[in-house]
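Data first, discussion second: the structure below is written as structure tokens.
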Amino acid sequence: MLNDQKVSYSGVQPSGNLTIGNYLGAIKNFATYSEQYKCFYCVVDSHAITVRQVPAELRRRTYETLALYMACGLDPEKNTLYVQSHVPMHTELAWILNCYSMFGELSRMTQFKDKSEKHADNINAGLFTYPVLMAADILLYQTDIVPVGIDQKQHVELCRNIATRFNQLFPDTFTIPEPIISKSGMKIMSLAEPTKKMSKSDENTNAVVYILDDKDTIIRKFKRAVTDSDTAVRFAEGKDGINNLMTIYSCFTGKTLPEIEREFDGKGYGDFKMAVGEACADALAPVQEKFRQILADKAYLEEVMKKGADEASYYARKTISKVKRKVGFVI
Ligand code: TYM
């Protein structure tokens, strides 16, 4: 809570081309809070370097992610949009919170375990303390709600635990945040392995639909999506591929699962996949057009980044001063 207004906070890593998982699970929902909440949406570049990045690509994607936020309907006049590394209080608070976070609880984070397996040659300390930096992001702004996909729920719960522990030692420091998981788009699966999350870092680009893919590419990817040997379009256990496509179709069209089953009654998977591809491409077309317009104006993007960082710093500074005072630093 800031000045009697509830706060919504979330972030996206500029670590790859953003997917329809990022869109449906997170970004698309951000704008729904813009009127009633004080909203902070961050491009988390400091998190991105926990795995190796090509510097020029990281820089380019930072601009692109900010442009996508705006293309997805986030007005920089109504939301504070900024880049994490522009507000040094994030890393400052992360250090302090590191000293109140336990080795055991960090070791239990499933994302750390997954990423350690995937990047076995680079299990760096940043990867391990990644959720503490995420807790710092959230707690700096006295956040009430954190809209995320279900894969981030464990990190938000850890953040709640760290904040509660800190508040027990130093009362009234942090607001305890609540994760908000959108029911429909909470976990969009890979098109090639529908038991696995669709991820921007997947090497198989056919398994992933990117927000910026053109219509032909989108339709081709959906046509190749892995399904099953059944023929009926119905949501059921064991039909992971079809369940995923139905979820995606439902998110893009607003139709319910029973409505979708009725619509494709007697039709085959081919027709259904085509319809999913069309619905996805049609929904993304205006986002893509707006994205291109915004990205072409680098000066404007830099203005937005600067304004966002100034706004965010104003609130971040208040929290970090309070925290420093509480832990006994001379300020
Ligand atoms: P990141 O960059 O991996 O993903 C950004 C957002 O997209 C959601 N998401 C998905 N939702 C549904 N289906 C999918 N396949 C899918 N893939 C990704 C994620 O849940 C997330 O909401 N640690 C965070 C970034 C972060 C953050 C924060 C988030 C840093 N600080 C503070 C909230 C608050 C991450 O890596 O997200």
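Residue numbers start at 1 in each chain; chains themselves are named A, B, ... in the order of the structure tokens; ligands are numbered from 1 in the order shown.
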
Counting only C-alpha atoms and all ligand atoms, name the residues that have an atom within 9 Å of an atom of ligand 1; the answer should be given as a PyMOL selection string. chain A and resi 9-16+18-27+41-48+84+130-131+133-138+146-153+155-156+179+181-182+185-190+196-200

Dump of C-alpha atoms for the selected residues, as a compact mmCIF listing (two decimals), in the first residue's frame:
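Dumped to part_13.txt:
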```txt
# COMPACT_ATOMS: atom_id res chain seq x y z
CA TYR A 9 3.94 -5.11 -9.15
CA SER A 10 5.35 -7.49 -11.73
CA GLY A 11 8.35 -8.01 -13.97
CA VAL A 12 9.51 -9.79 -17.09
CA GLN A 13 13.07 -10.81 -17.93
CA PRO A 14 14.45 -9.49 -21.23
CA SER A 15 16.23 -12.82 -21.63
CA GLY A 16 14.65 -13.97 -24.88
CA LEU A 18 8.65 -13.05 -25.37
CA THR A 19 6.14 -15.84 -25.87
CA ILE A 20 2.37 -16.16 -25.81
CA GLY A 21 2.97 -17.76 -22.38
CA ASN A 22 4.40 -14.45 -21.11
CA TYR A 23 1.53 -12.64 -22.81
CA LEU A 24 -1.41 -14.78 -21.62
CA GLY A 25 0.05 -15.68 -18.22
CA ALA A 26 1.24 -12.21 -17.29
CA ILE A 27 1.52 -9.11 -19.51
CA TYR A 41 5.93 -3.04 -14.18
CA CYS A 42 9.61 -3.63 -14.52
CA VAL A 43 11.98 -4.99 -17.15
CA VAL A 44 14.19 -7.13 -14.92
CA ASP A 45 17.58 -6.96 -16.63
CA SER A 46 19.51 -7.74 -13.42
CA HIS A 47 17.69 -11.06 -13.18
CA ALA A 48 18.47 -11.83 -16.81
CA GLN A 84 15.38 -2.72 -12.90
CA TYR A 130 17.64 -14.81 -7.74
CA PRO A 131 14.41 -15.11 -5.66
CA LEU A 133 16.28 -10.04 -5.71
CA MET A 134 12.73 -10.76 -6.83
CA ALA A 135 11.55 -10.35 -3.22
CA ALA A 136 13.40 -7.02 -3.10
CA ASP A 137 11.65 -5.89 -6.31
CA ILE A 138 8.26 -6.62 -4.81
CA VAL A 146 1.79 -9.67 -7.93
CA PRO A 147 0.18 -10.84 -11.20
CA VAL A 148 2.30 -13.76 -12.50
CA GLY A 149 2.09 -17.14 -14.20
CA ILE A 150 1.93 -20.16 -11.92
CA ASP A 151 5.66 -20.91 -12.35
CA GLN A 152 6.45 -17.78 -10.30
CA LYS A 153 4.07 -18.58 -7.44
CA HIS A 155 8.96 -17.24 -5.61
CA VAL A 156 6.16 -14.96 -4.44
CA PRO A 179 0.32 -13.66 -5.93
CA ILE A 181 -2.51 -16.16 -10.97
CA SER A 182 -4.89 -15.69 -13.91
CA GLY A 185 -3.46 -18.45 -18.90
CA MET A 186 -1.59 -19.58 -15.80
CA LYS A 187 0.58 -22.10 -17.61
CA ILE A 188 0.83 -22.27 -21.37
CA MET A 189 2.65 -25.42 -22.44
CA SER A 190 5.23 -26.16 -25.13
CA LYS A 196 6.56 -28.77 -20.26
CA LYS A 197 6.10 -25.01 -19.82
CA MET A 198 6.35 -22.90 -22.98
CA SER A 199 9.58 -21.03 -22.37
CA LYS A 200 11.35 -18.18 -24.15
```

Find the residues around A:Tyr269 up to 8 Å (only C-alpha atoms counted), leave out those fewer than 6 positions away in its own chain, and share them as JSON, numbers by chain. {"A": [231, 232, 233]}

Enumerate, as a PDB file with all heavy atoms, in the first residue's frame, the complete set of residues in stretch 157-313 of chain A that a backbone-based DSSP assignment places in strand (DSSP E or B).
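Wrote it out as states_25.pdb, contents follow:
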```pdb
ATOM      1  N   GLU A 178       0.439 -10.648  -2.288  1.00  0.00           N
ATOM      2  CA  GLU A 178      -0.393 -11.803  -2.657  1.00  0.00           C
ATOM      3  C   GLU A 178      -0.132 -12.118  -4.136  1.00  0.00           C
ATOM      4  O   GLU A 178      -0.222 -11.211  -4.962  1.00  0.00           O
ATOM      5  CB  GLU A 178      -1.845 -11.319  -2.501  1.00  0.00           C
ATOM      6  CG  GLU A 178      -2.911 -12.351  -2.346  1.00  0.00           C
ATOM      7  CD  GLU A 178      -2.896 -12.987  -0.970  1.00  0.00           C
ATOM      8  OE1 GLU A 178      -3.037 -12.265   0.042  1.00  0.00           O
ATOM      9  OE2 GLU A 178      -2.719 -14.200  -0.945  1.00  0.00           O
ATOM     10  N   PRO A 179       0.198 -13.371  -4.482  1.00  0.00           N
ATOM     11  CA  PRO A 179       0.320 -13.657  -5.927  1.00  0.00           C
ATOM     12  C   PRO A 179      -1.065 -13.716  -6.573  1.00  0.00           C
ATOM     13  O   PRO A 179      -2.004 -14.215  -5.950  1.00  0.00           O
ATOM     14  CB  PRO A 179       0.971 -15.052  -5.963  1.00  0.00           C
ATOM     15  CG  PRO A 179       0.650 -15.673  -4.650  1.00  0.00           C
ATOM     16  CD  PRO A 179       0.462 -14.560  -3.657  1.00  0.00           C
ATOM     17  N   ILE A 180      -1.203 -13.180  -7.773  1.00  0.00           N
ATOM     18  CA  ILE A 180      -2.471 -13.294  -8.506  1.00  0.00           C
ATOM     19  C   ILE A 180      -2.184 -14.101  -9.772  1.00  0.00           C
ATOM     20  O   ILE A 180      -1.402 -13.671 -10.628  1.00  0.00           O
ATOM     21  CB  ILE A 180      -3.020 -11.905  -8.934  1.00  0.00           C
ATOM     22  CG1 ILE A 180      -3.196 -10.991  -7.723  1.00  0.00           C
ATOM     23  CG2 ILE A 180      -4.316 -12.055  -9.733  1.00  0.00           C
ATOM     24  CD1 ILE A 180      -4.474 -11.179  -6.953  1.00  0.00           C
ATOM     25  N   ILE A 181      -2.761 -15.280  -9.831  1.00  0.00           N
ATOM     26  CA  ILE A 181      -2.515 -16.158 -10.972  1.00  0.00           C
ATOM     27  C   ILE A 181      -3.786 -16.163 -11.820  1.00  0.00           C
ATOM     28  O   ILE A 181      -4.839 -16.584 -11.327  1.00  0.00           O
ATOM     29  CB  ILE A 181      -2.238 -17.613 -10.495  1.00  0.00           C
ATOM     30  CG1 ILE A 181      -1.328 -17.643  -9.261  1.00  0.00           C
ATOM     31  CG2 ILE A 181      -1.731 -18.490 -11.625  1.00  0.00           C
ATOM     32  CD1 ILE A 181       0.107 -17.390  -9.458  1.00  0.00           C
ATOM     33  N   MET A 189       1.660 -24.356 -22.276  1.00  0.00           N
ATOM     34  CA  MET A 189       2.652 -25.419 -22.442  1.00  0.00           C
ATOM     35  C   MET A 189       3.339 -25.358 -23.808  1.00  0.00           C
ATOM     36  O   MET A 189       2.813 -24.781 -24.764  1.00  0.00           O
ATOM     37  CB  MET A 189       1.960 -26.775 -22.289  1.00  0.00           C
ATOM     38  CG  MET A 189       1.304 -26.945 -20.939  1.00  0.00           C
ATOM     39  SD  MET A 189       2.532 -26.711 -19.651  1.00  0.00           S
ATOM     40  CE  MET A 189       1.748 -27.467 -18.286  1.00  0.00           C
ATOM     41  N   LYS A 197       6.495 -26.410 -19.649  1.00  0.00           N
ATOM     42  CA  LYS A 197       6.101 -25.007 -19.822  1.00  0.00           C
ATOM     43  C   LYS A 197       6.627 -24.444 -21.148  1.00  0.00           C
ATOM     44  O   LYS A 197       7.758 -24.754 -21.531  1.00  0.00           O
ATOM     45  CB  LYS A 197       6.687 -24.206 -18.646  1.00  0.00           C
ATOM     46  CG  LYS A 197       6.306 -22.749 -18.617  1.00  0.00           C
ATOM     47  CD  LYS A 197       7.022 -21.998 -17.492  1.00  0.00           C
ATOM     48  CE  LYS A 197       8.406 -21.536 -17.897  1.00  0.00           C
ATOM     49  NZ  LYS A 197       8.951 -20.441 -17.065  1.00  0.00           N
ATOM     50  N   TYR A 210       6.052 -16.983 -30.435  1.00  0.00           N
ATOM     51  CA  TYR A 210       6.496 -15.690 -29.922  1.00  0.00           C
ATOM     52  C   TYR A 210       5.442 -14.627 -30.226  1.00  0.00           C
ATOM     53  O   TYR A 210       4.757 -14.710 -31.261  1.00  0.00           O
ATOM     54  CB  TYR A 210       7.839 -15.302 -30.571  1.00  0.00           C
ATOM     55  CG  TYR A 210       8.913 -16.328 -30.293  1.00  0.00           C
ATOM     56  CD1 TYR A 210       9.288 -17.247 -31.264  1.00  0.00           C
ATOM     57  CD2 TYR A 210       9.521 -16.403 -29.042  1.00  0.00           C
ATOM     58  CE1 TYR A 210      10.238 -18.224 -31.005  1.00  0.00           C
ATOM     59  CE2 TYR A 210      10.482 -17.372 -28.771  1.00  0.00           C
ATOM     60  CZ  TYR A 210      10.836 -18.273 -29.758  1.00  0.00           C
ATOM     61  OH  TYR A 210      11.769 -19.242 -29.493  1.00  0.00           O
TER      62      TYR A 210
END
```

Closest to A:Asn167 among A:Leu140, A:Leu81, A:Val323, A:Leu66, using only C-alpha atoms?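 The answer is A:Val323, which sits nearest to A:Asn167.
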
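If you count only C-alpha atoms and ignore residues fewer than 6 places along the chain from A:Asp144, what sits within 8 Å of it is Met1, Lys6, Val7, Ser8, Tyr9, Thr175, Ile176, Pro177 and Glu178 of chain A.
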
Just to confirm, what's the straight-line distance from atom CA of A:Ala285 to atom CA of A:Gln36 in Å (one decimal)? 27.9 Å

Any idea what the distance is between atom CA of A:Ser101 and atom CA of A:Ala125?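 Computed distance, atom CA of A:Ser101 to atom CA of A:Ala125, equals 13.7 Å.
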
Give me the residues near A:Gln293 as a PyMOL selection string, where near means some atom within 9 Å (using only C-alpha atoms) and where sequence neighbours in that chain fewer than 4 positions away do not count. chain A and resi 67+71+288-289+297

Which of these, A:Val51, A:Met109, A:Ile145, A:Val304, has the shortest distance to A:Phe30 once you count only C-alpha atoms? A:Ile145
